[in-house]
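Student: If you scroll down you'll find the structure; I have some questions about it.
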Amino acid sequence: VVIARNEDEGGRGAWLSNDRQAKDPFVLVLSELAPGVAPTFGQEPGEPVPILRPFAHIGIEMPRREDVDAIAAKARELGCLHWEPRQMADHIGYICALEDPDGNVVEFSHDQKVFATVRRLWGEGD
């Protein structure tokens, strides 16, 4: 967490980043807008606004293949499974995806090697 106290009457937010990525940082900004106070950006209350479509998505790497299957099963049960679990090329790994309430795509992967590669490059081992 870089900053966790971005808060005013319009909402609140947090900035997340890797502490060792100072030169070319990747920062994920999370925002929660206060209903009735913050700007609506053209969104009607209660209406979904998919932004991450058709392929832009948030990806999360899971530690175990079984975690991907468990997420897929839960998403299937809730009716929001977007991609069934599938094995892809080595650099992609085993993936599935769900849709959030706005219709955005959230991918879950295993063995995409993002975590292992960063640790290897930063000298932390596997």
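By order in the structure tokens, chains are A, B, ...; within a chain, residues start at 1; ligands start at 1, following the order shown.
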Hey, could you make a per-residue contact list for segment 54-81 of chain A against segment 107-117 of chain A with 9 Å as the cut-off, showing the nearest pair of atoms and its distance in Å to one decimal, counting only C-alpha atoms, sorted by chain and number, as a tab-separated table?
Tutor:
```
residue	atom	partner	partner_atom	distance
A:His57	CA	A:Glu107	CA	6.7
A:Ile58	CA	A:Glu107	CA	6.0
A:Gly59	CA	A:Glu107	CA	4.5
A:Ile60	CA	A:Phe108	CA	4.9
A:Glu61	CA	A:Ser109	CA	4.7
A:Met62	CA	A:His110	CA	5.1
A:Pro63	CA	A:His110	CA	6.3
A:Arg64	CA	A:His110	CA	6.0
A:Arg65	CA	A:His110	CA	5.4
A:Glu66	CA	A:His110	CA	8.8
A:Asp67	CA	A:His110	CA	8.1
A:Val68	CA	A:Phe108	CA	6.1
A:Ile71	CA	A:Phe108	CA	7.9
A:Ala72	CA	A:Phe108	CA	8.8
```
Student: Take the residues from that selection and write them out as an mmCIF file, in the first residue's frame, keeping all heavy atoms.
Tutor:
```cif
data_model
loop_
_atom_site.group_PDB
_atom_site.id
_atom_site.type_symbol
_atom_site.label_atom_id
_atom_site.label_comp_id
_atom_site.auth_asym_id
_atom_site.auth_seq_id
_atom_site.Cartn_x
_atom_site.Cartn_y
_atom_site.Cartn_z
ATOM 1 N N HIS A 57 -8.821 -6.930 -19.246
ATOM 2 C CA HIS A 57 -9.266 -7.581 -18.021
ATOM 3 C C HIS A 57 -8.241 -7.403 -16.913
ATOM 4 O O HIS A 57 -7.118 -7.005 -17.153
ATOM 5 C CB HIS A 57 -9.520 -9.075 -18.255
ATOM 6 C CG HIS A 57 -8.300 -9.826 -18.680
ATOM 7 N ND1 HIS A 57 -7.872 -9.851 -19.993
ATOM 8 C CD2 HIS A 57 -7.416 -10.578 -17.982
ATOM 9 C CE1 HIS A 57 -6.774 -10.579 -20.070
ATOM 10 N NE2 HIS A 57 -6.477 -11.041 -18.871
ATOM 11 N N ILE A 58 -8.667 -7.720 -15.726
ATOM 12 C CA ILE A 58 -7.780 -7.771 -14.573
ATOM 13 C C ILE A 58 -7.376 -9.229 -14.418
ATOM 14 O O ILE A 58 -8.223 -10.124 -14.494
ATOM 15 C CB ILE A 58 -8.494 -7.271 -13.309
ATOM 16 C CG1 ILE A 58 -8.821 -5.782 -13.465
ATOM 17 C CG2 ILE A 58 -7.654 -7.531 -12.071
ATOM 18 C CD1 ILE A 58 -9.667 -5.233 -12.362
ATOM 19 N N GLY A 59 -6.094 -9.490 -14.221
ATOM 20 C CA GLY A 59 -5.617 -10.856 -14.064
ATOM 21 C C GLY A 59 -4.994 -11.072 -12.702
ATOM 22 O O GLY A 59 -4.259 -10.226 -12.210
ATOM 23 N N ILE A 60 -5.293 -12.215 -12.110
ATOM 24 C CA ILE A 60 -4.782 -12.564 -10.788
ATOM 25 C C ILE A 60 -4.188 -13.960 -10.872
ATOM 26 O O ILE A 60 -4.869 -14.907 -11.278
ATOM 27 C CB ILE A 60 -5.917 -12.528 -9.745
ATOM 28 C CG1 ILE A 60 -6.549 -11.131 -9.720
ATOM 29 C CG2 ILE A 60 -5.399 -12.957 -8.372
ATOM 30 C CD1 ILE A 60 -7.872 -11.075 -9.016
ATOM 31 N N GLU A 61 -2.913 -14.094 -10.499
ATOM 32 C CA GLU A 61 -2.265 -15.403 -10.528
ATOM 33 C C GLU A 61 -2.466 -16.115 -9.203
ATOM 34 O O GLU A 61 -2.203 -15.552 -8.136
ATOM 35 C CB GLU A 61 -0.777 -15.262 -10.822
ATOM 36 C CG GLU A 61 -0.101 -16.598 -11.029
ATOM 37 C CD GLU A 61 1.356 -16.484 -11.464
ATOM 38 O OE1 GLU A 61 1.993 -15.451 -11.177
ATOM 39 O OE2 GLU A 61 1.845 -17.417 -12.088
ATOM 40 N N MET A 62 -2.941 -17.352 -9.275
ATOM 41 C CA MET A 62 -3.235 -18.152 -8.089
ATOM 42 C C MET A 62 -2.086 -19.128 -7.818
ATOM 43 O O MET A 62 -1.419 -19.571 -8.751
ATOM 44 C CB MET A 62 -4.534 -18.934 -8.292
ATOM 45 C CG MET A 62 -5.718 -18.077 -8.715
ATOM 46 S SD MET A 62 -6.087 -16.741 -7.562
ATOM 47 C CE MET A 62 -6.606 -17.675 -6.138
ATOM 48 N N PRO A 63 -1.870 -19.495 -6.556
ATOM 49 C CA PRO A 63 -0.760 -20.393 -6.238
ATOM 50 C C PRO A 63 -0.965 -21.836 -6.688
ATOM 51 O O PRO A 63 0.001 -22.544 -6.921
ATOM 52 C CB PRO A 63 -0.645 -20.314 -4.716
ATOM 53 C CG PRO A 63 -1.915 -19.751 -4.235
ATOM 54 C CD PRO A 63 -2.510 -18.956 -5.359
ATOM 55 N N ARG A 64 -2.225 -22.283 -6.818
ATOM 56 C CA ARG A 64 -2.466 -23.685 -7.171
ATOM 57 C C ARG A 64 -3.510 -23.790 -8.290
ATOM 58 O O ARG A 64 -4.439 -22.989 -8.353
ATOM 59 C CB ARG A 64 -2.976 -24.469 -5.953
ATOM 60 C CG ARG A 64 -2.001 -24.472 -4.803
ATOM 61 C CD ARG A 64 -2.549 -25.151 -3.554
ATOM 62 N NE ARG A 64 -3.877 -24.641 -3.233
ATOM 63 C CZ ARG A 64 -4.911 -25.403 -2.875
ATOM 64 N NH1 ARG A 64 -4.775 -26.709 -2.764
ATOM 65 N NH2 ARG A 64 -6.075 -24.875 -2.604
ATOM 66 N N ARG A 65 -3.378 -24.788 -9.120
ATOM 67 C CA ARG A 65 -4.344 -25.058 -10.190
ATOM 68 C C ARG A 65 -5.743 -25.274 -9.612
ATOM 69 O O ARG A 65 -6.747 -24.830 -10.173
ATOM 70 C CB ARG A 65 -3.872 -26.277 -10.993
ATOM 71 C CG ARG A 65 -4.730 -26.634 -12.173
ATOM 72 C CD ARG A 65 -4.162 -27.871 -12.876
ATOM 73 N NE ARG A 65 -4.992 -28.286 -13.978
ATOM 74 C CZ ARG A 65 -4.704 -28.089 -15.269
ATOM 75 N NH1 ARG A 65 -3.589 -27.495 -15.601
ATOM 76 N NH2 ARG A 65 -5.526 -28.495 -16.204
ATOM 77 N N GLU A 66 -5.815 -25.945 -8.469
ATOM 78 C CA GLU A 66 -7.087 -26.217 -7.811
ATOM 79 C C GLU A 66 -7.810 -24.928 -7.425
ATOM 80 O O GLU A 66 -9.039 -24.895 -7.355
ATOM 81 C CB GLU A 66 -6.876 -27.087 -6.565
ATOM 82 C CG GLU A 66 -6.359 -28.470 -6.864
ATOM 83 C CD GLU A 66 -4.845 -28.521 -7.114
ATOM 84 O OE1 GLU A 66 -4.108 -27.597 -6.701
ATOM 85 O OE2 GLU A 66 -4.404 -29.497 -7.754
ATOM 86 N N ASP A 67 -7.047 -23.855 -7.157
ATOM 87 C CA ASP A 67 -7.654 -22.567 -6.823
ATOM 88 C C ASP A 67 -8.440 -22.023 -8.017
ATOM 89 O O ASP A 67 -9.523 -21.465 -7.856
ATOM 90 C CB ASP A 67 -6.589 -21.551 -6.401
ATOM 91 C CG ASP A 67 -5.856 -21.958 -5.138
ATOM 92 O OD1 ASP A 67 -6.468 -22.617 -4.266
ATOM 93 O OD2 ASP A 67 -4.668 -21.610 -5.014
ATOM 94 N N VAL A 68 -7.886 -22.192 -9.208
ATOM 95 C CA VAL A 68 -8.579 -21.747 -10.426
ATOM 96 C C VAL A 68 -9.868 -22.540 -10.593
ATOM 97 O O VAL A 68 -10.929 -21.970 -10.881
ATOM 98 C CB VAL A 68 -7.668 -21.891 -11.664
ATOM 99 C CG1 VAL A 68 -8.420 -21.572 -12.943
ATOM 100 C CG2 VAL A 68 -6.433 -21.001 -11.533
ATOM 101 N N ILE A 71 -12.495 -21.333 -8.063
ATOM 102 C CA ILE A 71 -13.075 -20.045 -8.447
ATOM 103 C C ILE A 71 -14.061 -20.246 -9.595
ATOM 104 O O ILE A 71 -15.153 -19.669 -9.603
ATOM 105 C CB ILE A 71 -11.965 -19.047 -8.809
ATOM 106 C CG1 ILE A 71 -11.233 -18.629 -7.534
ATOM 107 C CG2 ILE A 71 -12.514 -17.835 -9.555
ATOM 108 C CD1 ILE A 71 -9.935 -17.928 -7.750
ATOM 109 N N ALA A 72 -13.690 -21.077 -10.567
ATOM 110 C CA ALA A 72 -14.580 -21.359 -11.694
ATOM 111 C C ALA A 72 -15.877 -22.007 -11.210
ATOM 112 O O ALA A 72 -16.970 -21.653 -11.676
ATOM 113 C CB ALA A 72 -13.882 -22.242 -12.721
#
```
Student: Need to verify the contact set: Gly79 of chain A, 10 Å, only C-alpha atoms, exclusion of same-chain residues closer than 5 positions in sequence. Can you return it as a VMD selection string?
Tutor: chain A and resid 73 to 74 98 to 99
Student: Suppose we keep C-alpha atoms; can you now write the selection as a PDB file, in the first residue's frame?
Tutor:
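That gives us result_10.pdb:
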```pdb
ATOM      1  CA  ALA A  73     -16.965 -23.617  -9.768  1.00  0.00           C
ATOM      2  CA  LYS A  74     -18.125 -20.720  -7.585  1.00  0.00           C
ATOM      3  CA  LEU A  98     -15.558 -14.471 -14.372  1.00  0.00           C
ATOM      4  CA  GLU A  99     -17.608 -11.339 -14.912  1.00  0.00           C
TER       5      GLU A  99
END
```
Student: Which residues are close to Gly13 of chain A, i.e. within 6 Å by only C-alpha atoms, leaving aside same-chain residues fewer than 6 positions away? Reply as a list in words.
Tutor: Asn6, Leu30 and Ser31 of chain A
Student: Extract, using only C-alpha atoms, all DNA, RNA and protein residues at most 10 Å from Val105 of chain A, discarding same-chain residues fewer than 6 positions from it, and format them as a ChimeraX atom specification.
Tutor: /A:50-59,80-83,97-99
Student: Could you give me the residues within chain A that DSSP places in strand (DSSP E), as a VMD selection string?
Tutor: chain A and resid 3 to 8 11 to 17 27 to 33 57 to 62 81 to 87 94 to 99 105 to 110
Student: Please, could you write that set of residues out with N, CA and C atoms as a compact mmCIF listing (two decimals), in the first residue's frame?
Tutor:
```
# COMPACT_ATOMS: atom_id res chain seq x y z
N ILE A 3 -0.52 4.55 -0.59
CA ILE A 3 -1.35 5.52 0.11
C ILE A 3 -2.70 4.86 0.38
N ALA A 4 -3.16 4.92 1.62
CA ALA A 4 -4.44 4.31 1.95
C ALA A 4 -5.43 5.33 2.49
N ARG A 5 -5.06 6.59 2.54
CA ARG A 5 -5.93 7.58 3.17
C ARG A 5 -6.48 8.61 2.19
N ASN A 6 -6.59 8.27 0.92
CA ASN A 6 -7.20 9.19 -0.04
C ASN A 6 -8.70 9.16 0.20
N GLU A 7 -9.21 10.09 1.00
CA GLU A 7 -10.63 10.07 1.33
C GLU A 7 -11.14 11.49 1.47
N ASP A 8 -12.34 11.72 0.90
CA ASP A 8 -13.04 12.98 1.07
C ASP A 8 -14.53 12.69 0.96
N GLY A 11 -15.68 10.21 -1.84
CA GLY A 11 -15.33 8.80 -1.84
C GLY A 11 -13.97 8.55 -1.20
N ARG A 12 -13.42 7.39 -1.48
CA ARG A 12 -12.12 7.04 -0.92
C ARG A 12 -11.37 6.15 -1.89
N GLY A 13 -10.08 6.01 -1.64
CA GLY A 13 -9.27 5.18 -2.52
C GLY A 13 -7.97 4.77 -1.88
N ALA A 14 -7.28 3.88 -2.57
CA ALA A 14 -5.97 3.41 -2.13
C ALA A 14 -5.10 3.21 -3.35
N TRP A 15 -3.80 3.40 -3.18
CA TRP A 15 -2.83 3.13 -4.24
C TRP A 15 -2.01 1.93 -3.84
N LEU A 16 -1.88 0.95 -4.74
CA LEU A 16 -1.10 -0.25 -4.48
C LEU A 16 0.02 -0.34 -5.49
N SER A 17 1.21 -0.72 -5.02
CA SER A 17 2.35 -0.86 -5.92
C SER A 17 3.36 -1.80 -5.30
N VAL A 27 1.27 1.13 -10.63
CA VAL A 27 0.44 1.48 -9.50
C VAL A 27 -1.01 1.17 -9.84
N LEU A 28 -1.64 0.40 -9.00
CA LEU A 28 -3.05 0.09 -9.15
C LEU A 28 -3.81 1.04 -8.24
N VAL A 29 -4.69 1.84 -8.82
CA VAL A 29 -5.47 2.80 -8.06
C VAL A 29 -6.88 2.25 -7.91
N LEU A 30 -7.30 2.06 -6.68
CA LEU A 30 -8.65 1.57 -6.39
C LEU A 30 -9.47 2.74 -5.86
N SER A 31 -10.67 2.93 -6.40
CA SER A 31 -11.53 4.04 -5.99
C SER A 31 -12.92 3.54 -5.67
N GLU A 32 -13.49 4.11 -4.64
CA GLU A 32 -14.89 3.87 -4.29
C GLU A 32 -15.56 5.24 -4.24
N LEU A 33 -16.52 5.47 -5.13
CA LEU A 33 -17.20 6.75 -5.20
C LEU A 33 -18.44 6.73 -4.31
N HIS A 57 -8.82 -6.93 -19.25
CA HIS A 57 -9.27 -7.58 -18.02
C HIS A 57 -8.24 -7.40 -16.91
N ILE A 58 -8.67 -7.72 -15.73
CA ILE A 58 -7.78 -7.77 -14.57
C ILE A 58 -7.38 -9.23 -14.42
N GLY A 59 -6.09 -9.49 -14.22
CA GLY A 59 -5.62 -10.86 -14.06
C GLY A 59 -4.99 -11.07 -12.70
N ILE A 60 -5.29 -12.21 -12.11
CA ILE A 60 -4.78 -12.56 -10.79
C ILE A 60 -4.19 -13.96 -10.87
N GLU A 61 -2.91 -14.09 -10.50
CA GLU A 61 -2.27 -15.40 -10.53
C GLU A 61 -2.47 -16.12 -9.20
N MET A 62 -2.94 -17.35 -9.27
CA MET A 62 -3.23 -18.15 -8.09
C MET A 62 -2.09 -19.13 -7.82
N LEU A 81 -19.56 -17.09 -14.73
CA LEU A 81 -18.35 -17.64 -15.34
C LEU A 81 -18.25 -17.15 -16.79
N HIS A 82 -17.13 -16.54 -17.12
CA HIS A 82 -16.93 -15.97 -18.45
C HIS A 82 -16.16 -16.93 -19.36
N TRP A 83 -15.07 -17.53 -18.83
CA TRP A 83 -14.30 -18.55 -19.55
C TRP A 83 -14.21 -19.77 -18.65
N GLU A 84 -14.55 -20.92 -19.20
CA GLU A 84 -14.33 -22.18 -18.48
C GLU A 84 -12.83 -22.35 -18.27
N PRO A 85 -12.41 -23.08 -17.23
CA PRO A 85 -10.99 -23.34 -17.04
C PRO A 85 -10.40 -24.04 -18.26
N ARG A 86 -9.20 -23.62 -18.64
CA ARG A 86 -8.53 -24.22 -19.79
C ARG A 86 -7.02 -24.03 -19.67
N GLN A 87 -6.31 -25.00 -20.19
CA GLN A 87 -4.85 -24.91 -20.26
C GLN A 87 -4.49 -24.16 -21.53
N TYR A 94 -2.81 -22.02 -16.85
CA TYR A 94 -4.16 -22.55 -16.69
C TYR A 94 -5.05 -21.41 -16.25
N ILE A 95 -6.12 -21.11 -16.96
CA ILE A 95 -6.91 -19.92 -16.69
C ILE A 95 -8.41 -20.20 -16.66
N CYS A 96 -9.13 -19.29 -16.03
CA CYS A 96 -10.57 -19.15 -16.15
C CYS A 96 -10.85 -17.67 -15.94
N ALA A 97 -12.07 -17.25 -16.19
CA ALA A 97 -12.42 -15.85 -15.94
C ALA A 97 -13.88 -15.77 -15.52
N LEU A 98 -14.19 -14.75 -14.76
CA LEU A 98 -15.56 -14.47 -14.37
C LEU A 98 -15.89 -13.04 -14.76
N GLU A 99 -17.16 -12.70 -14.67
CA GLU A 99 -17.61 -11.34 -14.91
C GLU A 99 -18.04 -10.74 -13.58
N VAL A 105 -14.33 -8.31 -17.04
CA VAL A 105 -13.73 -9.64 -17.01
C VAL A 105 -12.58 -9.66 -16.00
N VAL A 106 -12.60 -10.66 -15.12
CA VAL A 106 -11.53 -10.87 -14.14
C VAL A 106 -10.98 -12.28 -14.38
N GLU A 107 -9.70 -12.36 -14.76
CA GLU A 107 -9.07 -13.63 -15.06
C GLU A 107 -8.31 -14.16 -13.85
N PHE A 108 -8.39 -15.46 -13.65
CA PHE A 108 -7.61 -16.14 -12.63
C PHE A 108 -6.73 -17.15 -13.33
N SER A 109 -5.44 -17.15 -13.03
CA SER A 109 -4.52 -18.06 -13.71
C SER A 109 -3.66 -18.79 -12.69
N HIS A 110 -3.10 -19.90 -13.14
CA HIS A 110 -2.09 -20.62 -12.36
C HIS A 110 -0.95 -20.95 -13.32
```
Student: Interatomic distance between atom CA of Gly10 of chain A and atom CA of Asp100 of chain A?
Tutor: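 Value for the atom CA of Gly10 of chain A-atom CA of Asp100 of chain A distance: 23.0 Å.
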Student: In terms of the shortest atom-to-atom distance over only C-alpha atoms, which of A:Val2, A:His91, A:Glu9, A:Asp102 is closest to Gln43 of chain A?
Tutor: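 Closest to Gln43 of chain A of all the choices is A:Asp102.
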Student: Which of segment 5-121 of chain A counts as helix (DSSP H, G or I) under DSSP, as number ranges by chain please?
Tutor: A: 65-78, 114-121
Student: In Å, how far is it from atom CA of Gly36 of chain A to atom CA of Val49 of chain A?
Tutor: 17.1 Å
Student: Could you please determine the separation between atom CA of Pro101 of chain A and atom CA of Ala70 of chain A in Å, to one decimal place?
Tutor: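 Computing it gives 19.1 Å between the two atoms.
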